[in-house]
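Structure file model-v4.txt (compact mmCIF, C-alpha atoms) is printed below.
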# COMPACT_ATOMS: atom_id res chain seq x y z
CA MET M 1 292.39 129.90 151.96
CA MET M 2 293.08 131.24 148.47
CA ARG M 3 295.54 134.00 149.23
CA HIS M 4 298.53 131.98 148.06
CA GLY M 5 297.40 132.15 144.44
CA ARG M 6 296.71 129.66 141.70
CA PRO M 7 298.72 126.43 141.54
CA PRO M 8 301.35 125.52 140.67
CA LEU M 9 302.68 127.62 143.54
CA SER M 10 306.19 128.91 143.82
CA THR M 11 308.33 127.36 146.51
CA ASP M 12 307.95 130.42 148.73
CA ALA M 13 304.16 130.43 148.31
CA LEU M 14 304.04 126.73 149.19
CA PHE M 15 306.07 127.37 152.34
CA SER M 16 303.69 130.23 153.18
CA SER M 17 300.70 127.90 152.81
CA ALA M 18 302.35 125.27 155.02
CA ASN M 19 303.17 127.79 157.76
CA PHE M 20 299.68 129.29 157.57
CA THR M 21 298.20 125.81 158.03
CA LEU M 22 300.60 125.07 160.88
CA SER M 23 299.63 128.28 162.66
CA LEU M 24 295.97 127.21 162.82
CA LEU M 25 295.70 123.46 163.24
CA PRO M 26 297.31 122.92 166.69
CA ILE M 27 295.09 125.61 168.19
CA ARG M 28 291.96 124.13 166.65
CA LEU M 29 292.85 120.63 167.84
CA ALA M 30 293.55 121.93 171.35
CA HIS M 31 290.11 123.55 171.47
CA ARG M 32 288.46 120.25 170.50
CA ILE M 33 290.37 118.44 173.24
CA GLU M 34 289.25 121.02 175.79
CA SER M 35 285.65 120.69 174.60
CA LEU M 36 285.76 116.92 175.04
CA ARG M 37 287.25 117.33 178.52
CA ASN M 38 284.32 119.54 179.49
CA LEU M 39 281.82 116.73 178.90
CA PRO M 40 280.62 114.76 181.95
CA PHE M 41 283.27 112.28 183.08
CA ILE M 42 281.00 109.28 182.56
CA VAL M 43 280.46 110.38 178.93
CA VAL M 44 284.16 110.86 178.20
CA SER M 45 284.78 107.45 179.77
CA ASN M 46 282.72 105.80 177.05
CA PRO M 47 285.09 103.74 174.83
CA ASN M 48 283.98 105.43 171.61
CA ILE M 49 284.21 108.99 172.89
CA SER M 50 287.46 108.16 174.67
CA LYS M 51 288.79 106.89 171.35
CA ILE M 52 287.98 110.24 169.72
CA TYR M 53 289.63 112.09 172.59
CA ASN M 54 292.82 110.04 172.23
CA THR M 55 292.78 110.54 168.46
CA TYR M 56 292.80 114.31 168.93
CA LEU M 57 295.60 114.03 171.49
CA HIS M 58 297.68 111.95 169.07
CA SER M 59 297.07 114.38 166.20
CA LEU M 60 298.11 117.33 168.33
CA SER M 61 301.28 115.53 169.44
CA THR M 62 302.27 114.92 165.80
CA LEU M 63 301.95 118.62 164.95
CA LEU M 64 303.61 120.12 168.01
CA PRO M 65 307.21 119.32 166.89
CA TYR M 66 306.64 121.62 163.88
CA LYS M 67 305.13 124.42 165.97
CA SER M 68 308.53 125.58 167.26
CA LYS M 69 310.01 126.10 163.80
CA THR M 70 309.22 127.69 160.48
CA ILE M 71 308.89 125.47 157.42
CA SER M 72 311.50 126.87 155.05
CA ASN M 73 312.79 123.94 153.02
CA LEU M 74 311.19 121.36 150.75
CA GLU M 75 312.12 118.42 152.93
CA ASP M 76 310.22 119.84 155.91
CA GLU M 77 307.28 120.81 153.71
CA ILE M 78 306.99 117.31 152.24
CA ARG M 79 307.21 115.71 155.68
CA PHE M 80 304.64 118.15 157.08
CA THR M 81 302.24 117.41 154.23
CA GLU M 82 302.58 113.69 154.91
CA VAL M 83 301.66 114.36 158.55
CA LEU M 84 298.61 116.33 157.39
CA ALA M 85 297.51 113.52 155.08
CA ASP M 86 297.79 111.05 157.95
CA LEU M 87 295.82 113.41 160.20
CA VAL M 88 292.99 113.70 157.65
CA GLU M 89 292.85 109.93 157.23
CA THR M 90 292.91 109.34 160.99
CA HIS M 91 289.90 111.61 161.53
CA ALA M 92 287.90 110.28 158.56
CA HIS M 93 285.61 108.16 160.74
CA THR M 94 285.27 110.31 163.83
CA ILE M 95 281.62 111.22 163.18
CA PRO M 96 280.13 107.68 163.35
CA THR M 97 282.39 106.81 166.29
CA LEU M 98 281.34 109.94 168.17
CA ALA M 99 277.68 109.32 167.37
CA ARG M 100 277.90 105.74 168.60
CA GLY M 101 279.39 107.00 171.85
CA PHE M 102 276.61 109.52 172.43
CA LEU M 103 274.04 106.87 171.59
CA GLU M 104 275.44 104.64 174.32
CA CYS M 105 275.58 107.55 176.79
CA ARG M 106 272.20 109.08 176.07
CA LYS M 107 270.90 108.35 179.58
CA TYR M 108 273.75 110.42 181.07
CA ILE M 109 273.45 113.57 178.94
CA ASN M 110 270.36 115.42 177.75
CA PRO M 111 269.60 115.86 174.01
CA THR M 112 269.99 119.65 174.18
CA GLU M 113 273.55 119.29 175.44
CA VAL M 114 274.30 116.69 172.76
CA THR M 115 273.00 119.01 170.03
CA ARG M 116 275.04 121.94 171.37
CA PHE M 117 278.23 119.88 171.55
CA LEU M 118 277.79 118.27 168.14
CA ASP M 119 276.92 121.58 166.50
CA GLU M 120 280.11 123.19 167.82
CA HIS M 121 282.28 120.13 167.27
CA LEU M 122 281.16 119.40 163.71
CA ARG M 123 281.48 123.01 162.60
CA ALA M 124 285.00 123.10 163.99
CA ARG M 125 285.74 119.78 162.28
CA ILE M 126 284.61 121.17 158.92
CA GLY M 127 287.10 124.03 159.23
CA THR M 128 289.97 121.88 160.46
CA ARG M 129 289.63 119.37 157.63
CA LEU M 130 289.24 122.14 155.07
CA ILE M 131 292.45 123.86 156.18
CA ALA M 132 294.42 120.59 156.07
CA GLU M 133 292.96 119.40 152.77
CA GLN M 134 293.55 122.79 151.14
CA HIS M 135 297.29 122.64 151.74
CA ILE M 136 297.48 118.98 150.71
CA ALA M 137 295.71 119.83 147.43
CA LEU M 138 298.01 122.82 146.82
CA HIS M 139 301.03 120.61 147.53
CA ILE M 140 299.90 117.95 145.05
CA SER M 141 299.03 120.46 142.32
CA SER M 142 302.30 122.39 142.74
CA GLN M 143 304.98 119.73 143.31
CA PRO M 144 307.94 122.17 143.25
CA HIS M 145 310.09 119.43 144.74
CA GLN M 146 309.93 117.47 141.49
CA ASP M 147 311.80 118.16 138.30
CA LEU M 148 311.11 121.65 137.01
CA ASN M 149 309.91 120.26 133.68
CA SER M 150 307.12 118.45 135.50
CA ARG M 151 305.58 121.78 136.48
CA HIS M 152 304.68 122.43 132.87
CA SER M 153 302.47 119.38 132.94
CA ALA M 154 300.25 121.01 135.57
CA ASP M 155 296.79 121.91 134.33
CA THR M 156 297.03 125.67 134.14
CA ASP M 157 293.45 125.84 132.84
CA SER M 158 292.03 124.10 135.89
CA SER M 159 289.36 126.01 137.79
CA TYR M 160 290.59 124.59 141.10
CA ILE M 161 292.62 126.34 143.75
CA GLY M 162 293.29 123.56 146.20
CA VAL M 163 289.92 122.01 147.10
CA ILE M 164 288.00 125.10 145.94
CA ASP M 165 286.43 125.09 142.48
CA THR M 166 286.38 128.68 141.26
CA ALA M 167 283.86 127.85 138.51
CA LEU M 168 281.56 125.41 140.27
CA GLN M 169 278.24 124.86 138.50
CA PRO M 170 275.53 123.98 141.03
CA ALA M 171 273.37 122.39 138.33
CA SER M 172 275.99 119.72 137.64
CA ILE M 173 276.20 118.92 141.36
CA VAL M 174 272.39 118.68 141.55
CA ASN M 175 272.26 116.25 138.63
CA SER M 176 275.08 114.12 140.04
CA CYS M 177 273.52 113.94 143.51
CA GLY M 178 270.06 113.44 142.01
CA ASN M 179 271.24 110.37 140.11
CA PHE M 180 272.82 108.96 143.26
CA VAL M 181 269.81 109.52 145.54
CA SER M 182 267.26 108.41 142.95
CA GLU M 183 269.10 105.09 142.62
CA ILE M 184 268.79 104.60 146.39
CA CYS M 185 265.09 105.47 146.17
CA GLU M 186 264.61 102.91 143.43
CA LEU M 187 266.38 100.28 145.54
CA LYS M 188 264.30 101.12 148.63
CA TYR M 189 260.89 101.89 147.14
CA GLY M 190 260.99 100.52 143.59
CA VAL M 191 260.33 104.04 142.27
CA ARG M 192 262.85 106.42 140.72
CA PRO M 193 261.91 110.08 141.40
CA THR M 194 262.49 112.74 138.77
CA TRP M 195 263.61 116.34 139.05
CA ILE M 196 263.61 119.50 136.99
CA ILE M 197 266.21 122.27 137.13
CA ASP M 198 265.05 125.75 136.22
CA GLY M 199 266.11 129.33 136.89
CA GLU M 200 269.74 129.91 135.91
CA PRO M 201 271.31 126.46 135.52
CA ARG M 202 274.49 127.82 133.90
CA THR M 203 275.38 129.86 136.99
CA THR M 204 278.91 129.31 138.32
CA PHE M 205 280.63 130.51 141.49
CA ALA M 206 283.58 129.66 143.74
CA TYR M 207 282.85 127.02 146.37
CA VAL M 208 283.99 123.70 147.84
CA PRO M 209 282.36 120.93 145.74
CA VAL M 210 282.50 118.30 148.51
CA HIS M 211 280.51 120.56 150.84
CA LEU M 212 277.84 121.28 148.24
CA GLU M 213 277.59 117.60 147.33
CA TYR M 214 276.84 116.68 150.94
CA ILE M 215 274.21 119.42 151.35
CA ILE M 216 272.41 118.68 148.07
CA THR M 217 272.45 114.92 148.73
CA GLU M 218 270.76 115.40 152.11
CA LEU M 219 268.16 117.83 150.78
CA LEU M 220 267.29 115.66 147.78
CA LYS M 221 267.15 112.60 150.03
CA ASN M 222 264.44 114.28 152.11
CA ALA M 223 262.56 115.62 149.08
CA PHE M 224 262.61 112.34 147.14
CA ARG M 225 261.65 110.27 150.15
CA ALA M 226 258.72 112.53 151.04
CA THR M 227 257.52 112.62 147.42
CA VAL M 228 257.55 108.83 147.06
CA GLU M 229 256.02 108.06 150.46
CA SER M 230 253.19 110.56 149.88
CA GLY M 231 252.23 108.77 146.67
CA ASN M 232 253.20 111.68 144.43
CA SER M 233 256.20 110.09 142.75
CA HIS M 234 254.81 111.20 139.38
CA GLU M 235 255.39 114.82 140.48
CA PRO M 236 258.97 115.96 139.75
CA VAL M 237 260.99 117.78 142.39
CA VAL M 238 261.62 121.29 141.07
CA ILE M 239 265.05 122.78 141.75
CA THR M 240 265.43 126.48 141.01
CA ILE M 241 268.91 128.04 140.86
CA ALA M 242 269.18 131.81 141.23
CA ALA M 243 272.38 133.83 141.07
CA GLU M 244 272.42 136.74 143.49
CA PRO M 245 273.52 140.18 142.27
CA GLY M 246 277.17 141.05 142.90
CA THR M 247 278.21 143.05 145.96
CA SER M 248 278.68 146.76 145.38
CA ALA M 249 282.17 148.23 145.27
CA SER M 250 281.36 150.54 148.15
CA ARG M 251 280.90 147.56 150.43
CA ASN M 252 284.31 146.20 149.40
CA ASN M 253 286.00 149.43 150.41
CA SER M 254 284.33 149.42 153.81
CA ARG M 255 286.74 146.79 155.11
CA HIS M 256 289.43 147.84 157.54
CA PRO M 257 292.78 148.52 155.78
CA SER M 258 294.51 145.92 157.96
CA GLU M 259 292.26 143.24 156.45
CA LEU M 260 293.38 143.99 152.91
CA SER M 261 296.50 142.38 151.49
CA THR M 262 299.02 144.77 149.95
CA ASP M 263 300.39 142.06 147.68
CA ALA M 264 298.04 141.76 144.71
CA SER M 265 299.97 138.77 143.40
CA ILE M 266 298.55 136.56 146.14
CA ARG M 267 295.00 137.80 145.80
CA PRO M 268 293.56 135.97 142.77
CA PHE M 269 290.04 136.88 143.85
CA GLU M 270 288.20 140.13 144.20
CA ASP M 271 286.62 140.77 147.57
CA SER M 272 283.08 140.98 146.20
CA ALA M 273 281.47 137.58 145.80
CA SER M 274 277.92 137.04 144.66
CA GLY M 275 276.13 134.06 146.12
CA VAL M 276 273.72 131.47 144.81
CA THR M 277 270.32 130.51 146.18
CA ILE M 278 268.87 127.08 145.40
CA ARG M 279 265.21 126.28 146.07
CA ILE M 280 264.13 122.65 146.26
CA ARG M 281 260.36 122.29 145.96
CA ASP M 282 258.58 118.97 146.46
CA ARG M 283 255.01 117.66 146.59
CA GLY M 284 255.74 115.38 149.53
CA GLY M 285 252.91 116.52 151.81
CA GLY M 286 254.94 118.97 153.88
CA ILE M 287 256.13 118.66 157.47
CA SER M 288 253.66 118.34 160.32
CA PRO M 289 253.63 121.15 162.92
CA GLU M 290 254.67 118.63 165.59
CA VAL M 291 257.78 117.59 163.65
CA LEU M 292 258.85 120.98 162.27
CA PRO M 293 260.45 122.38 165.49
CA ASN M 294 262.70 119.30 165.75
CA ILE M 295 264.21 119.10 162.27
CA TRP M 296 267.44 120.87 163.30
CA SER M 297 268.13 118.56 166.22
CA TYR M 298 270.80 115.87 166.03
CA SER M 299 268.64 113.72 168.29
CA PHE M 300 265.67 113.63 165.93
CA THR M 301 264.67 111.84 162.73
CA THR M 302 261.50 110.85 160.87
CA PHE M 303 262.27 107.13 161.09
CA SER M 304 259.28 104.90 161.65
CA ASP M 305 259.17 102.13 164.21
CA GLU M 306 259.38 99.58 161.39
CA ASP M 307 262.94 100.59 160.52
CA ASP M 308 265.76 98.36 161.68
CA LEU M 309 267.11 99.08 165.14
CA PRO M 310 270.07 97.77 167.05
CA PRO M 311 269.00 95.61 169.99
CA GLY M 312 267.98 97.65 173.03
CA SER M 313 268.40 101.01 171.33
CA GLY M 314 265.02 102.37 172.35
CA SER M 315 263.63 105.31 170.39
CA VAL M 316 265.00 106.01 166.95
CA ASP M 317 267.01 109.09 166.09
CA VAL M 318 269.78 110.38 163.87
CA LEU M 319 272.42 108.99 166.23
CA ASN M 320 271.02 105.52 165.58
CA THR M 321 271.16 106.21 161.87
CA ILE M 322 274.79 107.28 161.67
CA SER M 323 275.80 104.47 164.02
CA GLY M 324 274.63 101.94 161.47
CA ALA M 325 270.97 101.20 162.23
CA GLY M 326 269.24 100.37 158.98
CA GLU M 327 272.28 101.45 156.97
CA GLY M 328 271.92 100.15 153.44
CA SER M 329 268.24 99.38 153.92
CA SER M 330 266.80 102.84 154.50
CA ILE M 331 267.20 106.05 152.56
CA ALA M 332 267.12 107.89 155.89
CA GLY M 333 270.33 106.17 156.92
CA LEU M 334 272.74 108.32 154.94
CA GLY M 335 273.96 110.73 157.60
CA TYR M 336 273.21 113.59 159.95
CA GLY M 337 270.83 115.20 157.51
CA LEU M 338 269.64 118.76 157.91
CA PRO M 339 271.69 119.79 160.99
CA LEU M 340 275.04 118.93 159.41
CA GLY M 341 273.91 120.24 156.03
CA ARG M 342 273.08 123.56 157.66
CA ALA M 343 276.49 123.57 159.37
CA TYR M 344 278.20 123.17 155.99
CA ALA M 345 276.09 125.95 154.45
CA GLU M 346 276.61 128.36 157.35
CA TYR M 347 280.37 127.81 157.50
CA PHE M 348 280.92 130.29 154.65
CA GLY M 349 278.04 132.58 155.57
CA GLY M 350 275.15 130.80 153.86
CA GLY M 351 272.20 129.00 155.39
CA ILE M 352 269.19 126.73 154.96
CA ALA M 353 265.56 127.71 155.53
CA VAL M 354 262.53 125.42 155.35
CA GLN M 355 259.00 126.49 154.43
CA SER M 356 256.39 123.76 154.87
CA LEU M 357 252.85 123.79 153.51
CA TYR M 358 251.48 120.89 155.50
CA GLY M 359 249.30 118.66 153.36
CA TRP M 360 250.92 119.82 150.13
CA GLY M 361 254.73 120.01 150.12
CA SER M 362 257.87 121.81 151.23
CA ASP M 363 260.22 124.47 149.92
CA VAL M 364 263.82 124.35 151.11
CA TYR M 365 265.96 127.42 150.44
CA LEU M 366 269.71 126.88 150.36
CA ARG M 367 271.76 130.05 150.25
CA LEU M 368 275.45 129.73 149.44
CA LYS M 369 277.87 132.61 149.72
CA GLY M 370 280.51 132.54 147.01
CA LEU M 371 284.11 132.43 148.19
CA GLY M 372 285.24 135.06 145.73
CA ARG M 373 285.17 136.28 142.15
CA LEU M 374 288.10 135.68 139.83
CA LYS M 375 290.04 138.78 138.88
CA LYS M 376 289.96 139.64 135.21
Take the structure in this file and express it as structure tokens.
Amino acid sequence: MMRHGRPPLSTDALFSSANFTLSLLPIRLAHRIESLRNLPFIVVSNPNISKIYNTYLHSLSTLLPYKSKTISNLEDEIRFTEVLADLVETHAHTIPTLARGFLECRKYINPTEVTRFLDEHLRARIGTRLIAEQHIALHISSQPHQDLNSRHSADTDSSYIGVIDTALQPASIVNSCGNFVSEICELKYGVRPTWIIDGEPRTTFAYVPVHLEYIITELLKNAFRATVESGNSHEPVVITIAAEPGTSASRNNSRHPSELSTDASIRPFEDSASGVTIRIRDRGGGISPEVLPNIWSYSFTTFSDEDDLPPGSGSVDVLNTISGAGEGSSIAGLGYGLPLGRAYAEYFGGGIAVQSLYGWGSDVYLRLKGLGRLKK
């Protein structure tokens, strides 16, 4: 992802990024098509899921003409980037459409199979979008096809390499997401929760800000909601940020020689990357033993029967939520919650763990593995 170096890239490096992207995307799209085909026929026949299937087919067909050639001139690179931008936009709303389809087909497929499919599909989607968006961002920040003088206007002091912020400060993301979620809480409950950041708030590391924003938003949503509904809104949510020690040099050298690039000019990062662990502690009463085993399921939510439901939808779950039930009227209607948040965290080797002290509160541990350390 970052092997092509800091932008603005040279023309050759930009071509290398485009060809790297092209080598991955058609294969990933083909795997998603095959996965959809393996669903029961009656499920794939659903209009919403069929729409997703046809969207993937269309995206693959737009990339295949480039698969037989190497991108080696600016005209092809610009055209290819435009195709990528269209692909990203086309797939922007696949999650709610897919969820609506599974909601309509729930009598034909069991929840375990839905969870397995969504887990695999959404993790693959994270990677596919990231690969496409990374090249688009590198293209925009490099612009070698413009006048050479325009390259000097590029922000050489920027901490970004594509969509990756090499000096991301988790504390700033927490505050931003906290302001957003607390406003929703105030709208829903008339109470604005507070939070405290302790530990090492000045910690920085390399990560994708959009991913961290989604994870933190979901975790704070759960913590704030539980705190308010338990009557403890006067108790602040405590967020502790801890930087993990750096990886030892001996572990770096344990990698197979074939995995190491011989061209140091395209390796702006060292291989060792310390991670960050964020603990979110609330006084929201904890999670009941009956609920705890289900929190990682896409077919489960803590909605109450009083929440808005679409006519004839039956029991309430996360699929109802993302399909629009109660959207705008319930803080629980923001997205897939913990399962998708965990998928984002695990994509780069991190994870989410939940410790509940029922009757008191919950501790959520978010571990994020840094994508690399800048070379001095």
>> Ranking M:Leu74, M:Val163, M:Leu220, M:Val228 by minimum distance to M:Val181 and counting only C-alpha atoms, which one comes first?
In response: M:Leu220
>> I'd like to know which of M:Thr115, M:Thr240, M:Ser233, M:Ser35 is closest to M:Tyr298, using only C-alpha atoms.
In response: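 Looking at the shortest contact to M:Tyr298, the residue is M:Thr115.
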>> Report, in Å with one decimal, the straight-line distance from atom CA of M:Pro236 to atom CA of M:Asp282.
In response: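 Spanning atom CA of M:Pro236 to atom CA of M:Asp282 is a straight-line distance of 7.4 Å.
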> Smallest atom-to-atom distance to M:His139: which of M:Ser59, M:Ser17, M:Asn48, M:Ser288, using all atoms listed in the file?
Replying inline: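 Counting all atoms listed in the file, the residue closest to M:His139 is M:Ser17.
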> Which residue gives the smallest distance to M:His121 among M:Phe80, M:Ser297, M:Ile33, M:Gln134, with all atoms listed in the file counted?
Replying inline: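 That would be M:Ile33, the residue with the smallest distance to M:His121.
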>> Taking all atoms listed in the file into account, name the residue in M:Ile126, M:Ile71, M:Leu368, M:Ile136 that is nearest to M:Leu84.
In response: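 Closest residue, counting all atoms listed in the file: M:Ile136.
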>> Can you tell me which residues surround M:Val354 at a distance of at most 8 Å, considering only C-alpha atoms, apart from same-chain residues fewer than 2 positions away, and format the answer as a PyMOL selection string?
In response: chain M and resi 352+356+362-365
> Which residues, written as a PyMOL selection string, have at least one atom at most 9 Å from M:Cys185, with only C-alpha atoms counted and residues fewer than 2 positions away on the same chain left out?
Replying inline: chain M and resi 180-183+187-193+221+224-225+228+330-331
>> Could you tell me how far atom CA of M:Gly284 sits from atom CA of M:Arg202, in Å to one decimal place?
In response: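 Spanning atom CA of M:Arg202 to atom CA of M:Gly284 is a straight-line distance of 27.4 Å.
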> What is the atom CA of M:Thr62-atom CA of M:Glu82 distance in Å, reported with one decimal?
Replying inline: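 Here the two named atoms are 11.0 Å from each other.
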>> For a quick check of understanding, using only C-alpha atoms, which of M:Leu122, M:Ala30, M:Ile196, M:Leu39 has the smallest distance to M:Tyr56?
In response: M:Ala30
> Using only C-alpha atoms, which residues sit within 12 Å of M:Glu89 once same-chain residues fewer than 3 positions away are excluded, as JSON, numbers by chain?
Replying inline: {"M": [55, 59, 82, 83, 84, 85, 86, 92, 93, 94, 129, 132, 133]}
Filtering to C-alpha atoms, could you give me those residues as a PDB file, in the frame of the given file?
ATOM      1  CA  THR M  55     292.780 110.540 168.460  1.00  0.00           C
ATOM      2  CA  SER M  59     297.070 114.380 166.200  1.00  0.00           C
ATOM      3  CA  GLU M  82     302.580 113.690 154.910  1.00  0.00           C
ATOM      4  CA  VAL M  83     301.660 114.360 158.550  1.00  0.00           C
ATOM      5  CA  LEU M  84     298.610 116.330 157.390  1.00  0.00           C
ATOM      6  CA  ALA M  85     297.510 113.520 155.080  1.00  0.00           C
ATOM      7  CA  ASP M  86     297.790 111.050 157.950  1.00  0.00           C
ATOM      8  CA  ALA M  92     287.900 110.280 158.560  1.00  0.00           C
ATOM      9  CA  HIS M  93     285.610 108.160 160.740  1.00  0.00           C
ATOM     10  CA  THR M  94     285.270 110.310 163.830  1.00  0.00           C
ATOM     11  CA  ARG M 129     289.630 119.370 157.630  1.00  0.00           C
ATOM     12  CA  ALA M 132     294.420 120.590 156.070  1.00  0.00           C
ATOM     13  CA  GLU M 133     292.960 119.400 152.770  1.00  0.00           C
TER      14      GLU M 133
END
Selection: 9 Å around M:Tyr344, all atoms listed in the file, excl. self and same-chain fewer than 5 positions, as a short mmCIF file (atom, residue, chain, number, x, y, z; two decimals) with C-alpha atoms, in the frame of the given file:
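Wrote it out as out10.cif, contents follow:
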data_model
loop_
_atom_site.label_atom_id
_atom_site.label_comp_id
_atom_site.auth_asym_id
_atom_site.auth_seq_id
_atom_site.Cartn_x
_atom_site.Cartn_y
_atom_site.Cartn_z
CA ARG M 123 281.48 123.01 162.60
CA ILE M 126 284.61 121.17 158.92
CA HIS M 211 280.51 120.56 150.84
CA LEU M 212 277.84 121.28 148.24
CA TYR M 214 276.84 116.68 150.94
CA ILE M 215 274.21 119.42 151.35
CA PRO M 339 271.69 119.79 160.99
CA GLY M 350 275.15 130.80 153.86
CA GLY M 351 272.20 129.00 155.39
#
Box time for stretch 164-181 of chain M: axis-aligned, enclosing all its listed atoms, 3 Å extra on each side; report centre and edge lengths in Å to one decimal, as lines of an AutoDock Vina configuration file.
center_x = 278.9
center_y = 118.8
center_z = 141.8
size_x = 24.2
size_y = 25.7
size_z = 14.3
Shell of 8 Å around M:Ile278, all atoms listed in the file, local chain residues under 4 positions omitted, as a CSV table (one decimal) with C-alpha atoms, in the coordinates of the input:
chain,number,residue,atom,x,y,z
M,239,ILE,CA,265.0,122.8,141.8
M,240,THR,CA,265.4,126.5,141.0
M,241,ILE,CA,268.9,128.0,140.9
M,242,ALA,CA,269.2,131.8,141.2
M,365,TYR,CA,266.0,127.4,150.4
M,366,LEU,CA,269.7,126.9,150.4
M,367,ARG,CA,271.8,130.0,150.2
Missing atoms in stretch 54-65 of chain M: can you complete it with N, CA, C and O atoms, as a PDB file, in the coordinates of the input?
ATOM      1  N   ASN M  54     291.428 110.463 172.413  1.00  0.00           N
ATOM      2  CA  ASN M  54     292.820 110.040 172.230  1.00  0.00           C
ATOM      3  C   ASN M  54     293.315 110.297 170.810  1.00  0.00           C
ATOM      4  O   ASN M  54     294.499 110.572 170.597  1.00  0.00           O
ATOM      5  N   THR M  55     292.405 110.233 169.836  1.00  0.00           N
ATOM      6  CA  THR M  55     292.780 110.540 168.460  1.00  0.00           C
ATOM      7  C   THR M  55     293.199 112.001 168.325  1.00  0.00           C
ATOM      8  O   THR M  55     294.192 112.321 167.662  1.00  0.00           O
ATOM      9  N   TYR M  56     292.443 112.890 168.971  1.00  0.00           N
ATOM     10  CA  TYR M  56     292.800 114.310 168.930  1.00  0.00           C
ATOM     11  C   TYR M  56     294.128 114.563 169.656  1.00  0.00           C
ATOM     12  O   TYR M  56     294.949 115.369 169.196  1.00  0.00           O
ATOM     13  N   LEU M  57     294.330 113.890 170.773  1.00  0.00           N
ATOM     14  CA  LEU M  57     295.600 114.030 171.490  1.00  0.00           C
ATOM     15  C   LEU M  57     296.773 113.590 170.619  1.00  0.00           C
ATOM     16  O   LEU M  57     297.810 114.264 170.558  1.00  0.00           O
ATOM     17  N   HIS M  58     296.610 112.461 169.937  1.00  0.00           N
ATOM     18  CA  HIS M  58     297.680 111.950 169.070  1.00  0.00           C
ATOM     19  C   HIS M  58     297.955 112.919 167.923  1.00  0.00           C
ATOM     20  O   HIS M  58     299.124 113.195 167.606  1.00  0.00           O
ATOM     21  N   SER M  59     296.894 113.452 167.314  1.00  0.00           N
ATOM     22  CA  SER M  59     297.070 114.380 166.200  1.00  0.00           C
ATOM     23  C   SER M  59     297.809 115.642 166.642  1.00  0.00           C
ATOM     24  O   SER M  59     298.685 116.151 165.942  1.00  0.00           O
ATOM     25  N   LEU M  60     297.433 116.143 167.817  1.00  0.00           N
ATOM     26  CA  LEU M  60     298.110 117.330 168.330  1.00  0.00           C
ATOM     27  C   LEU M  60     299.592 117.046 168.595  1.00  0.00           C
ATOM     28  O   LEU M  60     300.461 117.871 168.285  1.00  0.00           O
ATOM     29  N   SER M  61     299.885 115.868 169.132  1.00  0.00           N
ATOM     30  CA  SER M  61     301.280 115.530 169.440  1.00  0.00           C
ATOM     31  C   SER M  61     302.124 115.401 168.178  1.00  0.00           C
ATOM     32  O   SER M  61     303.325 115.663 168.207  1.00  0.00           O
ATOM     33  N   THR M  62     301.511 115.027 167.045  1.00  0.00           N
ATOM     34  CA  THR M  62     302.270 114.920 165.800  1.00  0.00           C
ATOM     35  C   THR M  62     302.563 116.281 165.176  1.00  0.00           C
ATOM     36  O   THR M  62     303.525 116.426 164.418  1.00  0.00           O
ATOM     37  N   LEU M  63     301.740 117.280 165.514  1.00  0.00           N
ATOM     38  CA  LEU M  63     301.950 118.620 164.950  1.00  0.00           C
ATOM     39  C   LEU M  63     302.842 119.500 165.813  1.00  0.00           C
ATOM     40  O   LEU M  63     303.509 120.415 165.305  1.00  0.00           O
ATOM     41  N   LEU M  64     302.861 119.246 167.105  1.00  0.00           N
ATOM     42  CA  LEU M  64     303.610 120.120 168.010  1.00  0.00           C
ATOM     43  C   LEU M  64     305.103 120.227 167.679  1.00  0.00           C
ATOM     44  O   LEU M  64     305.683 121.303 167.846  1.00  0.00           O
ATOM     45  N   PRO M  65     305.788 119.168 167.235  1.00  0.00           N
ATOM     46  CA  PRO M  65     307.210 119.320 166.890  1.00  0.00           C
ATOM     47  C   PRO M  65     307.454 120.366 165.805  1.00  0.00           C
ATOM     48  O   PRO M  65     308.545 120.950 165.749  1.00  0.00           O
TER      49      PRO M  65
END
